[in-house]
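Enquirer: The structure file my_file-v6.txt (compact mmCIF, C-alpha atoms and all ligand atoms) is provided below.
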# COMPACT_ATOMS: atom_id res chain seq x y z
CA MET C 1 11.31 8.41 18.83
CA ARG C 2 9.35 8.95 15.61
CA ALA C 3 5.65 8.07 15.60
CA VAL C 4 2.58 8.53 13.43
CA VAL C 5 0.40 11.02 15.29
CA TRP C 6 -3.25 12.02 14.76
CA HIS C 7 -3.72 15.78 14.55
CA GLY C 8 -7.22 16.05 13.09
CA LYS C 9 -9.44 14.94 10.28
CA ARG C 10 -7.22 13.75 7.41
CA ASP C 11 -4.22 15.16 9.24
CA VAL C 12 -1.66 12.63 10.45
CA ARG C 13 1.97 13.57 10.88
CA VAL C 14 5.18 11.90 11.88
CA ASP C 15 6.33 13.58 15.07
CA GLU C 16 9.15 13.25 17.56
CA VAL C 17 7.58 11.93 20.80
CA PRO C 18 9.02 10.52 24.07
CA ASP C 19 10.19 6.89 24.01
CA PRO C 20 7.83 4.50 25.79
CA THR C 21 8.95 2.91 29.05
CA ILE C 22 7.94 -0.11 31.15
CA GLN C 23 5.18 0.97 33.53
CA GLU C 24 3.76 -2.32 34.81
CA PRO C 25 5.40 -5.69 35.52
CA THR C 26 3.25 -7.09 32.68
CA ASP C 27 4.62 -4.63 30.08
CA ALA C 28 7.11 -5.14 27.30
CA ILE C 29 8.78 -2.67 24.96
CA ILE C 30 9.39 -3.66 21.36
CA ARG C 31 11.37 -2.03 18.59
CA VAL C 32 8.98 -2.00 15.66
CA THR C 33 10.27 -3.44 12.38
CA SER C 34 7.01 -3.56 10.37
CA THR C 35 3.60 -2.07 11.10
CA GLY C 36 0.51 -2.10 8.88
CA ILE C 37 -1.93 0.62 7.96
CA CYS C 38 -5.44 -0.82 8.23
CA GLY C 39 -8.87 0.04 6.87
CA SER C 40 -9.76 0.59 10.53
CA ASP C 41 -7.19 3.40 10.68
CA LEU C 42 -9.12 5.10 7.90
CA HIS C 43 -12.17 5.36 10.18
CA LEU C 44 -9.99 7.36 12.61
CA TYR C 45 -8.62 9.43 9.75
CA GLU C 46 -12.09 10.56 8.76
CA VAL C 47 -15.19 9.62 10.76
CA MET C 48 -14.19 8.80 14.32
CA GLY C 49 -12.55 12.18 14.94
CA PRO C 50 -14.79 13.02 17.91
CA PHE C 51 -13.25 10.11 19.82
CA MET C 52 -9.65 11.02 18.97
CA THR C 53 -7.36 13.43 20.78
CA GLU C 54 -4.66 15.42 19.04
CA GLY C 55 -1.39 13.66 19.83
CA ASP C 56 -2.76 10.10 19.79
CA ILE C 57 -0.27 7.64 18.26
CA LEU C 58 -1.96 5.48 15.61
CA GLY C 59 -1.47 1.87 14.55
CA HIS C 60 -2.39 -1.61 15.72
CA GLU C 61 -0.60 -4.05 13.39
CA PRO C 62 3.00 -4.09 14.62
CA MET C 63 5.77 -6.61 14.89
CA GLY C 64 9.34 -6.24 15.98
CA ILE C 65 12.08 -7.17 18.39
CA VAL C 66 11.66 -7.26 22.16
CA GLU C 67 13.81 -4.59 23.81
CA ASP C 68 12.74 -4.94 27.43
CA VAL C 69 10.21 -6.84 29.55
CA GLY C 70 8.60 -6.30 32.96
CA SER C 71 9.17 -8.78 35.79
CA ALA C 72 5.91 -10.68 35.13
CA VAL C 73 6.68 -11.34 31.45
CA THR C 74 8.37 -14.71 31.05
CA HIS C 75 7.42 -16.20 27.65
CA ILE C 76 9.45 -13.63 25.72
CA ALA C 77 12.81 -12.01 26.34
CA PRO C 78 14.90 -9.20 24.83
CA GLY C 79 16.00 -10.10 21.32
CA ASP C 80 12.93 -12.23 20.55
CA ARG C 81 10.99 -11.59 17.37
CA VAL C 82 7.30 -10.99 18.15
CA VAL C 83 3.99 -10.01 16.56
CA ILE C 84 1.60 -7.94 18.68
CA PRO C 85 -2.16 -8.71 18.45
CA PHE C 86 -4.30 -5.61 17.97
CA ASN C 87 -6.49 -6.45 20.95
CA ILE C 88 -4.95 -6.12 24.37
CA SER C 89 -6.08 -9.08 26.40
CA CYS C 90 -5.06 -10.71 29.67
CA GLY C 91 -5.35 -14.39 28.83
CA HIS C 92 -6.92 -15.41 32.13
CA CYS C 93 -10.35 -13.75 32.49
CA PHE C 94 -13.68 -15.40 31.63
CA MET C 95 -13.72 -13.94 28.11
CA CYS C 96 -10.10 -14.73 27.27
CA THR C 97 -10.42 -18.32 28.49
CA ASN C 98 -13.50 -18.67 26.29
CA GLY C 99 -11.69 -17.52 23.18
CA LEU C 100 -13.28 -14.05 23.22
CA GLN C 101 -10.08 -12.06 23.65
CA SER C 102 -11.61 -8.97 22.02
CA GLN C 103 -13.99 -8.83 25.00
CA CYS C 104 -11.28 -9.22 27.67
CA GLU C 105 -12.72 -8.29 31.06
CA THR C 106 -9.40 -7.02 32.37
CA THR C 107 -9.01 -4.38 29.64
CA GLN C 108 -12.68 -3.60 28.88
CA ASN C 109 -13.50 0.09 28.72
CA HIS C 110 -16.26 0.57 31.26
CA GLU C 111 -16.55 4.31 30.74
CA HIS C 112 -17.76 3.73 27.19
CA GLY C 113 -19.24 0.28 27.70
CA THR C 114 -16.93 -1.21 25.07
CA GLY C 115 -14.82 -4.36 24.80
CA ALA C 116 -11.10 -4.97 25.18
CA ALA C 117 -8.62 -2.14 24.76
CA LEU C 118 -7.02 -1.85 21.33
CA PHE C 119 -3.74 -0.29 20.31
CA GLY C 120 -4.04 3.13 18.69
CA TYR C 121 -7.81 3.19 18.72
CA THR C 122 -9.69 6.13 20.23
CA LYS C 123 -11.05 6.83 23.68
CA LEU C 124 -13.65 4.12 23.07
CA TYR C 125 -10.93 1.51 23.30
CA GLY C 126 -8.61 2.81 25.98
CA GLN C 127 -6.62 5.43 24.07
CA VAL C 128 -3.56 3.19 24.16
CA PRO C 129 -0.58 4.59 22.18
CA GLY C 130 -0.34 2.68 18.92
CA GLY C 131 2.22 0.76 16.93
CA GLN C 132 2.97 3.01 13.96
CA ALA C 133 6.07 4.14 15.80
CA ALA C 134 9.71 3.23 16.26
CA TYR C 135 8.96 1.67 19.65
CA LEU C 136 5.82 0.37 21.35
CA ARG C 137 4.86 -0.25 24.94
CA VAL C 138 2.89 -3.52 25.02
CA PRO C 139 0.55 -3.89 28.03
CA GLN C 140 -0.51 -7.43 29.09
CA ALA C 141 2.68 -8.66 27.44
CA HIS C 142 2.71 -11.80 29.63
CA TYR C 143 0.03 -13.04 27.18
CA GLY C 144 -0.34 -11.01 23.98
CA PRO C 145 2.93 -11.14 22.02
CA ILE C 146 3.24 -14.01 19.56
CA LYS C 147 6.80 -15.31 19.33
CA VAL C 148 7.82 -16.07 15.75
CA PRO C 149 10.98 -17.65 14.30
CA ASP C 150 13.92 -15.70 12.89
CA GLY C 151 14.64 -16.02 9.21
CA PRO C 152 11.64 -15.42 6.95
CA PRO C 153 10.75 -11.78 6.10
CA ASP C 154 8.38 -9.79 8.32
CA ASP C 155 5.69 -10.15 5.62
CA ARG C 156 5.22 -13.76 6.67
CA PHE C 157 4.27 -12.88 10.22
CA VAL C 158 3.08 -9.29 10.51
CA TYR C 159 -0.50 -10.07 9.41
CA LEU C 160 -0.95 -12.28 12.49
CA SER C 161 -1.56 -8.99 14.32
CA ASP C 162 -4.88 -8.36 12.58
CA VAL C 163 -5.47 -9.21 8.90
CA LEU C 164 -5.07 -12.98 9.22
CA PRO C 165 -7.10 -13.60 12.40
CA THR C 166 -9.74 -11.11 11.27
CA ALA C 167 -10.17 -12.82 7.91
CA TRP C 168 -9.95 -16.24 9.54
CA GLN C 169 -12.69 -15.37 12.03
CA ALA C 170 -14.82 -13.87 9.26
CA VAL C 171 -14.60 -17.12 7.30
CA GLU C 172 -15.26 -19.24 10.42
CA TYR C 173 -18.29 -17.14 11.29
CA ALA C 174 -19.52 -17.31 7.69
CA ASP C 175 -19.95 -21.04 8.27
CA VAL C 176 -20.13 -21.98 4.59
CA PRO C 177 -21.60 -25.47 4.21
CA ARG C 178 -19.65 -28.13 2.31
CA GLY C 179 -19.91 -27.48 -1.42
CA GLY C 180 -21.41 -24.07 -0.66
CA SER C 181 -20.93 -20.53 -1.86
CA LEU C 182 -19.52 -17.37 -0.33
CA VAL C 183 -19.70 -13.74 -1.42
CA VAL C 184 -17.10 -11.37 0.00
CA LEU C 185 -18.07 -7.71 -0.10
CA GLY C 186 -15.02 -5.46 -0.23
CA LEU C 187 -11.64 -6.58 -1.54
CA GLY C 188 -9.40 -4.47 0.65
CA PRO C 189 -6.79 -6.36 2.68
CA ILE C 190 -9.44 -8.01 4.86
CA GLY C 191 -11.79 -9.08 2.06
CA ASP C 192 -8.89 -10.19 -0.13
CA MET C 193 -7.50 -12.34 2.71
CA CYS C 194 -10.98 -13.78 3.33
CA THR C 195 -11.11 -15.00 -0.27
CA ARG C 196 -7.69 -16.63 0.07
CA ILE C 197 -8.55 -18.37 3.33
CA ALA C 198 -11.95 -19.51 2.08
CA ARG C 199 -10.49 -21.00 -1.10
CA LEU C 200 -7.78 -22.76 0.87
CA ALA C 201 -10.45 -24.11 3.22
CA GLY C 202 -12.15 -25.67 0.20
CA VAL C 203 -15.09 -23.32 -0.32
CA GLU C 204 -16.07 -24.09 -3.88
CA THR C 205 -17.65 -20.83 -5.00
CA VAL C 206 -16.00 -17.61 -3.83
CA ILE C 207 -17.21 -14.37 -5.38
CA GLY C 208 -15.59 -11.03 -4.52
CA ILE C 209 -17.31 -7.66 -4.98
CA ASP C 210 -15.62 -4.25 -5.03
CA LEU C 211 -15.44 -1.19 -7.25
CA VAL C 212 -11.70 -0.48 -7.35
CA PRO C 213 -10.21 -1.92 -10.57
CA ASP C 214 -6.84 -3.02 -9.21
CA ARG C 215 -8.42 -4.67 -6.15
CA LEU C 216 -10.79 -6.61 -8.40
CA GLU C 217 -7.88 -7.57 -10.62
CA ARG C 218 -5.82 -8.78 -7.67
CA ALA C 219 -8.61 -11.10 -6.55
CA ARG C 220 -9.30 -12.29 -10.09
CA HIS C 221 -5.61 -13.07 -10.45
CA ASN C 222 -5.93 -15.33 -7.38
CA GLY C 223 -8.72 -17.29 -8.97
CA VAL C 224 -11.65 -15.48 -7.36
CA ASP C 225 -14.77 -14.87 -9.42
CA VAL C 226 -15.33 -11.09 -9.16
CA LEU C 227 -18.13 -8.63 -9.69
CA ASP C 228 -17.48 -4.94 -10.35
CA LEU C 229 -19.98 -2.82 -8.46
CA SER C 230 -19.16 0.23 -10.55
CA GLU C 231 -20.65 -1.39 -13.63
CA GLY C 232 -24.10 -0.81 -12.12
CA GLY C 233 -26.98 -3.15 -12.81
CA ASP C 234 -28.80 -5.43 -10.42
CA VAL C 235 -26.10 -6.91 -8.19
CA ALA C 236 -28.45 -9.31 -6.41
CA GLU C 237 -29.71 -10.64 -9.73
CA ALA C 238 -26.17 -11.07 -11.08
CA ILE C 239 -25.10 -12.94 -7.95
CA ARG C 240 -28.19 -15.16 -7.94
CA GLU C 241 -27.36 -16.16 -11.50
CA ARG C 242 -24.01 -17.41 -10.24
CA THR C 243 -25.44 -19.19 -7.19
CA ASP C 244 -28.18 -21.53 -8.41
CA GLY C 245 -30.73 -18.72 -8.51
CA ARG C 246 -30.91 -18.74 -4.73
CA GLY C 247 -28.13 -16.45 -3.52
CA PRO C 248 -24.96 -17.45 -1.67
CA ASP C 249 -25.01 -19.56 1.51
CA SER C 250 -22.87 -16.94 3.21
CA VAL C 251 -21.81 -13.32 2.79
CA ILE C 252 -18.86 -11.62 4.46
CA ASP C 253 -19.11 -7.84 4.77
CA ALA C 254 -15.48 -6.67 4.72
CA VAL C 255 -16.43 -3.06 4.03
CA GLY C 256 -17.93 -1.47 7.12
CA MET C 257 -19.13 2.00 7.96
CA GLU C 258 -17.60 3.92 5.08
CA ALA C 259 -19.24 2.02 2.24
CA HIS C 260 -19.72 3.66 -1.11
CA GLY C 261 -23.25 4.22 -2.25
CA ALA C 262 -25.04 5.81 0.72
CA PRO C 263 -25.39 9.57 0.21
CA VAL C 264 -27.55 10.32 3.25
CA ALA C 265 -25.24 8.69 5.75
CA LYS C 266 -22.31 10.32 4.04
CA LEU C 267 -23.75 13.59 5.23
CA ALA C 268 -23.93 12.23 8.78
CA HIS C 269 -20.25 11.29 8.50
CA GLN C 270 -19.33 14.75 7.34
CA LEU C 271 -21.32 16.20 10.20
CA THR C 272 -19.69 14.08 12.90
CA SER C 273 -16.27 15.03 11.67
CA LEU C 274 -17.07 18.75 11.44
CA LEU C 275 -19.03 19.23 14.65
CA PRO C 276 -17.33 20.14 17.92
CA ASP C 277 -16.15 16.90 19.57
CA ALA C 278 -18.74 16.86 22.36
CA ILE C 279 -21.64 17.09 19.92
CA GLY C 280 -20.07 14.80 17.32
CA GLU C 281 -19.43 12.21 20.02
CA LYS C 282 -23.08 12.36 21.14
CA LEU C 283 -24.32 12.06 17.57
CA MET C 284 -22.23 8.93 17.02
CA GLU C 285 -23.24 7.45 20.37
CA THR C 286 -26.93 8.03 19.82
CA GLY C 287 -27.45 8.44 16.08
CA GLY C 288 -27.49 6.25 13.02
CA VAL C 289 -24.32 7.33 11.34
CA ASP C 290 -23.12 4.30 9.41
CA ARG C 291 -23.22 4.05 5.67
CA LEU C 292 -25.00 0.76 5.45
CA ALA C 293 -24.75 0.16 1.71
CA ALA C 294 -22.55 -2.93 2.04
CA PHE C 295 -24.50 -4.45 4.91
CA GLN C 296 -27.75 -3.86 3.06
CA THR C 297 -26.30 -5.56 0.01
CA ALA C 298 -25.30 -8.49 2.22
CA ILE C 299 -28.85 -8.80 3.52
CA GLU C 300 -30.24 -8.69 0.04
CA LEU C 301 -27.75 -11.18 -1.41
CA VAL C 302 -27.63 -13.91 1.19
CA ARG C 303 -29.92 -16.85 0.52
CA ARG C 304 -32.81 -17.53 2.88
CA GLY C 305 -31.49 -19.15 6.03
CA GLY C 306 -27.92 -18.18 5.11
CA THR C 307 -25.26 -16.48 7.22
CA ILE C 308 -23.86 -12.97 7.18
CA SER C 309 -20.47 -12.53 8.78
CA LEU C 310 -19.60 -8.91 9.51
CA SER C 311 -15.97 -8.03 9.87
CA GLY C 312 -16.32 -4.48 8.59
CA VAL C 313 -16.54 -2.09 11.54
CA TYR C 314 -19.75 -0.19 12.23
CA GLY C 315 -20.14 2.51 14.84
CA GLY C 316 -23.62 4.06 14.97
CA MET C 317 -26.08 3.42 17.78
CA ALA C 318 -29.34 3.77 15.88
CA ASP C 319 -28.79 2.65 12.32
CA PRO C 320 -32.03 1.84 10.55
CA LEU C 321 -32.09 -1.83 9.55
CA PRO C 322 -34.56 -3.80 7.40
CA MET C 323 -35.74 -6.00 10.27
CA LEU C 324 -38.59 -7.42 8.21
CA GLN C 325 -36.20 -8.68 5.57
CA LEU C 326 -33.66 -9.98 8.11
CA PHE C 327 -36.35 -11.84 10.04
CA ASP C 328 -38.30 -13.06 7.05
CA LYS C 329 -35.18 -14.42 5.34
CA GLN C 330 -34.13 -16.10 8.57
CA VAL C 331 -30.66 -14.62 8.35
CA GLN C 332 -27.94 -15.79 10.73
CA LEU C 333 -25.80 -12.85 11.75
CA ARG C 334 -22.34 -13.02 13.34
CA MET C 335 -19.84 -10.25 13.91
CA GLY C 336 -17.20 -8.65 16.06
CA GLN C 337 -13.59 -7.64 16.43
CA ALA C 338 -11.27 -10.54 15.79
CA ASN C 339 -10.23 -12.57 18.83
CA VAL C 340 -6.65 -12.62 17.64
CA ARG C 341 -5.03 -15.11 20.00
CA ARG C 342 -7.88 -17.57 19.55
CA TRP C 343 -6.93 -18.27 15.94
CA VAL C 344 -3.14 -17.98 15.96
CA ASP C 345 -2.40 -21.68 16.47
CA ASP C 346 -4.76 -22.57 13.61
CA ILE C 347 -3.17 -20.06 11.25
CA MET C 348 0.51 -20.56 12.11
CA PRO C 349 1.06 -23.68 9.96
CA LEU C 350 0.02 -21.71 6.87
CA VAL C 351 2.26 -18.82 7.80
CA VAL C 352 5.40 -20.93 8.16
CA ASP C 353 4.60 -23.27 5.24
CA GLU C 354 7.50 -23.07 2.79
CA ASP C 355 5.09 -22.79 -0.14
CA ASP C 356 3.45 -19.66 1.32
CA PRO C 357 -0.07 -20.84 0.37
CA LEU C 358 -1.68 -17.49 1.28
CA GLU C 359 0.99 -15.62 -0.71
CA LEU C 360 1.83 -13.44 2.26
CA GLU C 361 5.20 -12.44 0.90
CA SER C 362 3.56 -10.57 -1.97
CA PHE C 363 0.48 -9.40 -0.04
CA ALA C 364 1.81 -5.91 0.76
CA THR C 365 1.69 -3.54 -2.18
CA HIS C 366 3.89 -0.96 -0.45
CA ARG C 367 6.74 -1.08 2.08
CA LEU C 368 7.55 2.45 3.17
CA PRO C 369 9.55 4.31 5.81
CA LEU C 370 7.60 5.68 8.77
CA ASP C 371 8.02 9.22 7.47
CA ALA C 372 5.93 8.32 4.41
CA ALA C 373 2.86 7.74 6.62
CA PRO C 374 1.00 11.00 5.82
CA ASP C 375 1.13 10.31 2.06
CA ALA C 376 0.36 6.65 2.58
CA TYR C 377 -2.79 7.45 4.57
CA GLU C 378 -3.94 9.78 1.83
CA HIS C 379 -3.31 7.33 -1.02
CA PHE C 380 -4.76 4.40 0.91
CA GLN C 381 -7.91 6.33 1.66
CA LYS C 382 -8.30 7.42 -1.96
CA LYS C 383 -7.33 3.91 -3.13
CA GLU C 384 -4.70 5.42 -5.41
CA GLU C 385 -1.42 4.08 -6.73
CA GLY C 386 -2.52 0.46 -6.52
CA MET C 387 -2.26 0.72 -2.75
CA VAL C 388 -3.95 -2.20 -1.01
CA LYS C 389 -1.70 -2.97 1.93
CA VAL C 390 1.02 -0.72 3.31
CA LEU C 391 3.70 -1.86 5.71
CA LEU C 392 5.53 1.00 7.37
CA GLN C 393 9.06 -0.04 8.26
CA PRO C 394 10.73 2.31 10.73
CA GLY C 395 14.13 0.87 9.77
CA LEU C 396 13.79 2.11 6.19
CA THR C 397 14.88 5.62 5.33
N1 LIG S 401 -13.47 -7.10 12.80
C1 LIG S 401 -12.19 -6.78 12.96
O1 LIG S 401 -11.54 -7.21 13.90
C2 LIG S 401 -11.53 -5.93 11.93
C3 LIG S 401 -10.14 -5.93 11.82
C4 LIG S 401 -9.58 -5.20 10.77
C5 LIG S 401 -10.37 -4.45 9.93
N2 LIG S 401 -11.71 -4.45 10.11
C6 LIG S 401 -12.61 -3.68 9.22
O2 LIG S 401 -12.73 -4.37 8.01
C7 LIG S 401 -13.08 -3.43 6.98
C8 LIG S 401 -12.14 -3.62 5.79
O3 LIG S 401 -10.80 -3.33 6.16
P1 LIG S 401 -9.68 -3.17 5.04
O4 LIG S 401 -8.37 -2.97 5.72
O5 LIG S 401 -9.81 -4.27 4.06
O6 LIG S 401 -10.16 -1.74 4.45
P2 LIG S 401 -10.34 -1.07 3.01
O7 LIG S 401 -10.97 0.24 3.30
O8 LIG S 401 -9.05 -1.08 2.28
O9 LIG S 401 -11.35 -2.02 2.23
C9 LIG S 401 -12.70 -1.78 2.04
C10 LIG S 401 -13.03 -2.13 0.60
O10 LIG S 401 -14.46 -2.08 0.43
C11 LIG S 401 -14.73 -1.54 -0.85
N3 LIG S 401 -16.13 -1.04 -0.86
C12 LIG S 401 -16.59 0.18 -0.49
N4 LIG S 401 -17.93 0.23 -0.58
C13 LIG S 401 -18.33 -0.98 -1.03
C14 LIG S 401 -19.59 -1.54 -1.30
N5 LIG S 401 -20.72 -0.83 -1.12
N6 LIG S 401 -19.64 -2.83 -1.74
C15 LIG S 401 -18.51 -3.57 -1.91
N7 LIG S 401 -17.26 -3.07 -1.63
C16 LIG S 401 -17.19 -1.80 -1.20
C17 LIG S 401 -13.68 -0.49 -1.03
O11 LIG S 401 -13.48 -0.14 -2.38
C18 LIG S 401 -12.45 -1.18 -0.43
O12 LIG S 401 -11.71 -1.90 -1.39
C19 LIG S 401 -12.98 -2.05 7.63
O13 LIG S 401 -14.27 -1.64 8.04
C20 LIG S 401 -12.13 -2.32 8.85
O14 LIG S 401 -12.38 -1.39 9.88
C21 LIG S 401 -12.29 -5.17 11.09
ZN ZN S 402 -6.12 -3.47 11.46
ZN ZN S 403 -8.92 -11.20 29.54
Reformat the file's structure so that it appears as structure tokens.
Ligand SMILES: NC(=O)c1ccc[n+]([C@@H]2O[C@H](COP(=O)([O-])OP(=O)(O)OC[C@H]3O[C@@H](n4cnc5c(N)ncnc54)[C@H](O)[C@@H]3O)[C@@H](O)[C@H]2O)c1
Ligand SMILES: [Zn+2]
Ligand SMILES: [Zn+2]

Expert:
Amino acid sequence: MRAVVWHGKRDVRVDEVPDPTIQEPTDAIIRVTSTGICGSDLHLYEVMGPFMTEGDILGHEPMGIVEDVGSAVTHIAPGDRVVIPFNISCGHCFMCTNGLQSQCETTQNHEHGTGAALFGYTKLYGQVPGGQAAYLRVPQAHYGPIKVPDGPPDDRFVYLSDVLPTAWQAVEYADVPRGGSLVVLGLGPIGDMCTRIARLAGVETVIGIDLVPDRLERARHNGVDVLDLSEGGDVAEAIRERTDGRGPDSVIDAVGMEAHGAPVAKLAHQLTSLLPDAIGEKLMETGGVDRLAAFQTAIELVRRGGTISLSGVYGGMADPLPMLQLFDKQVQLRMGQANVRRWVDDIMPLVVDEDDPLELESFATHRLPLDAAPDAYEHFQKKEEGMVKVLLQPGLT
């Protein structure tokens, strides 16, 4: 089959690889019809190289049609249309039954001391072959796959794999009080979706911050008040002016480790991706390698006693943080990978709503064949060609 394969820093290719097969009774095989490229894939493209192995299949936002199931998989059958959550979770351990599927104890990665296995996501998370491929082996398929109805286009459902539950959790964790205000840092797919969900949930003031013109425009078009970081000036002051002089009740950081505006850490990033793997891996596991510009902005912006919800991914072990400011401002801090299955039942009514209140059908800016992946990664990373969300569709040629 064809699959998007990691070969090195900024080097992904579409290769011919063996078809996946059922290996455990709890497995399923799906034929992928749509599969997203995520901001998290960009970390693998650039910074997380030391944890990647040449030949790894990328991707964690797939949906498709069930081809085959193992003997222990009973809630889905060949021919069913399913979305696959990006975390691989068992559904019956302590963490899963407490709604913390991204910490699943059955698929945790003890060697690295990390949480649940993820599709297409480095040795840290199980090195499980990913979903940017014609076919995907789905472990723990007795629980993970979300069955969805036939009829509406893939765009309605595919974001249940990651974007929707991630944004939903970010907004839940942001815990905006009634009548309150929310700033969303980063208007990529995750930040953009956060603004949509927050507005639909009735948050009165939603302000989005980014520096890419078409991303700002997209949010503005959806009724979000935006602030362009590239215009310079005192961001905190500008935001305070829009939030009763106090700062927002809550801030979502939907940027993560590759934020613009942090030259020193940028050097650390370049180092980790240039060093031999063993040394780069150590540096990431022990060093402060994140570009913290967005998180620092969040700390500065949030009002005293307010909440920061981190959905952007960070990866360093010793990042310097302004503890005085965090403590003094009494900041509430919540974060983590999305617990996908936890939120699906809450989100589903919006997804199937005839009116498409989250405008999912026009959320993707690009639908491309799998073979376009190398170009798509490059444009998405450089934020060129108005690319915000790409769906690769193996059926397209
Ligand atoms: N927690 C989870 O489960 C989860 C799931 C999916 C994605 N993520 C993470 O969420 C983040 C966003 O993902 P995405 O797909 O939207 O990616 P993206 O890279 O398209 O979006 C990031 C956006 O942040 C903007 N930005 C950069 N520096 C900024 C700064 N200093 N201030 C404000 N904005 C800035 C960029 O211009 C870009 O538009 C990534 O870190 C990704 O890894 C987390
Ligand atoms: Zn993703
Ligand atoms: Zn579990």

Enquirer: Residues within 10 Å of Thr74 in chain C, please, as a PyMOL selection string. Count only C-alpha atoms; anything in the same chain fewer than 2 positions from it doesn't count.

Expert: chain C and resi 26+69-72+76-77+141-143

Enquirer: Identify which of the residues C:Val302, C:Ile29, C:Cys104, C:Leu392 lies closest to ligand ZN 403 (chain S), counting only C-alpha atoms and all ligand atoms when measuring atom-to-atom distances.

Expert: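 Ranking C:Val302, C:Ile29, C:Cys104, C:Leu392 by distance to ligand ZN 403 (chain S), first place goes to C:Cys104.
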
Enquirer: Neighbouring residues of ligand ZN 403 (chain S) are defined here as those with any atom at most 9 Å from a ligand atom, counting only C-alpha atoms and all ligand atoms; list them as an mmCIF file with C-alpha atoms, keeping the file's coordinate frame.

Expert:
data_model
loop_
_atom_site.group_PDB
_atom_site.id
_atom_site.type_symbol
_atom_site.label_atom_id
_atom_site.label_comp_id
_atom_site.auth_asym_id
_atom_site.auth_seq_id
_atom_site.Cartn_x
_atom_site.Cartn_y
_atom_site.Cartn_z
ATOM 1 C CA ILE C 88 -4.950 -6.120 24.370
ATOM 2 C CA SER C 89 -6.080 -9.080 26.400
ATOM 3 C CA CYS C 90 -5.060 -10.710 29.670
ATOM 4 C CA GLY C 91 -5.350 -14.390 28.830
ATOM 5 C CA HIS C 92 -6.920 -15.410 32.130
ATOM 6 C CA CYS C 93 -10.350 -13.750 32.490
ATOM 7 C CA PHE C 94 -13.680 -15.400 31.630
ATOM 8 C CA MET C 95 -13.720 -13.940 28.110
ATOM 9 C CA CYS C 96 -10.100 -14.730 27.270
ATOM 10 C CA THR C 97 -10.420 -18.320 28.490
ATOM 11 C CA LEU C 100 -13.280 -14.050 23.220
ATOM 12 C CA GLN C 101 -10.080 -12.060 23.650
ATOM 13 C CA SER C 102 -11.610 -8.970 22.020
ATOM 14 C CA GLN C 103 -13.990 -8.830 25.000
ATOM 15 C CA CYS C 104 -11.280 -9.220 27.670
ATOM 16 C CA GLU C 105 -12.720 -8.290 31.060
ATOM 17 C CA THR C 106 -9.400 -7.020 32.370
ATOM 18 C CA THR C 107 -9.010 -4.380 29.640
ATOM 19 C CA GLN C 108 -12.680 -3.600 28.880
ATOM 20 C CA ALA C 116 -11.100 -4.970 25.180
#

Enquirer: Which residues come within 12 Å of range 373-383 of chain C, counting all atoms listed in the file, excluding same-chain residues fewer than 6 positions away, as a PyMOL selection string?

Expert: chain C and resi 2-7+9-15+35-46+58-59+132-133+187-189+210-215+258+365-367+389-394

Enquirer: Distance table requested - chain C against ligand LIG 401 (chain S), cut-off 6 Å, all atoms listed in the file: one row per qualifying residue with the closest atom pair and its distance in Å to one decimal, ordered by chain and rising residue number, as a tab-separated table.

Expert:
residue	atom	partner	partner_atom	distance
C:Cys38	CA	S:LIG401	O4	4.4
C:Gly39	CA	S:LIG401	O4	3.3
C:Ser40	CA	S:LIG401	O14	3.3
C:Asp162	CA	S:LIG401	C3	5.8
C:Thr166	CA	S:LIG401	O1	5.0
C:Leu185	CA	S:LIG401	C15	4.5
C:Gly186	CA	S:LIG401	O10	3.5
C:Leu187	CA	S:LIG401	O12	4.7
C:Gly188	CA	S:LIG401	O5	3.4
C:Pro189	CA	S:LIG401	O5	3.9
C:Ile190	CA	S:LIG401	O5	3.8
C:Gly191	CA	S:LIG401	O5	5.6
C:Ile209	CA	S:LIG401	C15	5.3
C:Asp210	CA	S:LIG401	N7	4.0
C:Leu211	CA	S:LIG401	O11	5.4
C:Val212	CA	S:LIG401	O11	5.3
C:Ala254	CA	S:LIG401	C7	4.6
C:Val255	CA	S:LIG401	O10	4.2
C:Gly256	CA	S:LIG401	O13	3.8
C:Ala259	CA	S:LIG401	N4	3.6
C:His260	CA	S:LIG401	N4	3.9
C:Gly261	CA	S:LIG401	N5	5.8
C:Ala293	CA	S:LIG401	N5	5.0
C:Ala294	CA	S:LIG401	N5	4.2
C:Ser311	CA	S:LIG401	N1	4.0
C:Gly312	CA	S:LIG401	O13	3.5
C:Val313	CA	S:LIG401	O13	4.2
C:Gly336	CA	S:LIG401	N1	5.2
C:Gln337	CA	S:LIG401	O1	3.3
C:Ala338	CA	S:LIG401	O1	3.8

Enquirer: Go through C:Trp343, C:Phe119, C:Phe157, C:Tyr125 one by one, measure the shortest atom-to-atom distance of each to ligand ZN 402 (chain S) using only C-alpha atoms and all ligand atoms, and give the residue with the smallest value.

Expert: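 With only C-alpha atoms and all ligand atoms as the atom set, the closest residue is C:Phe119.
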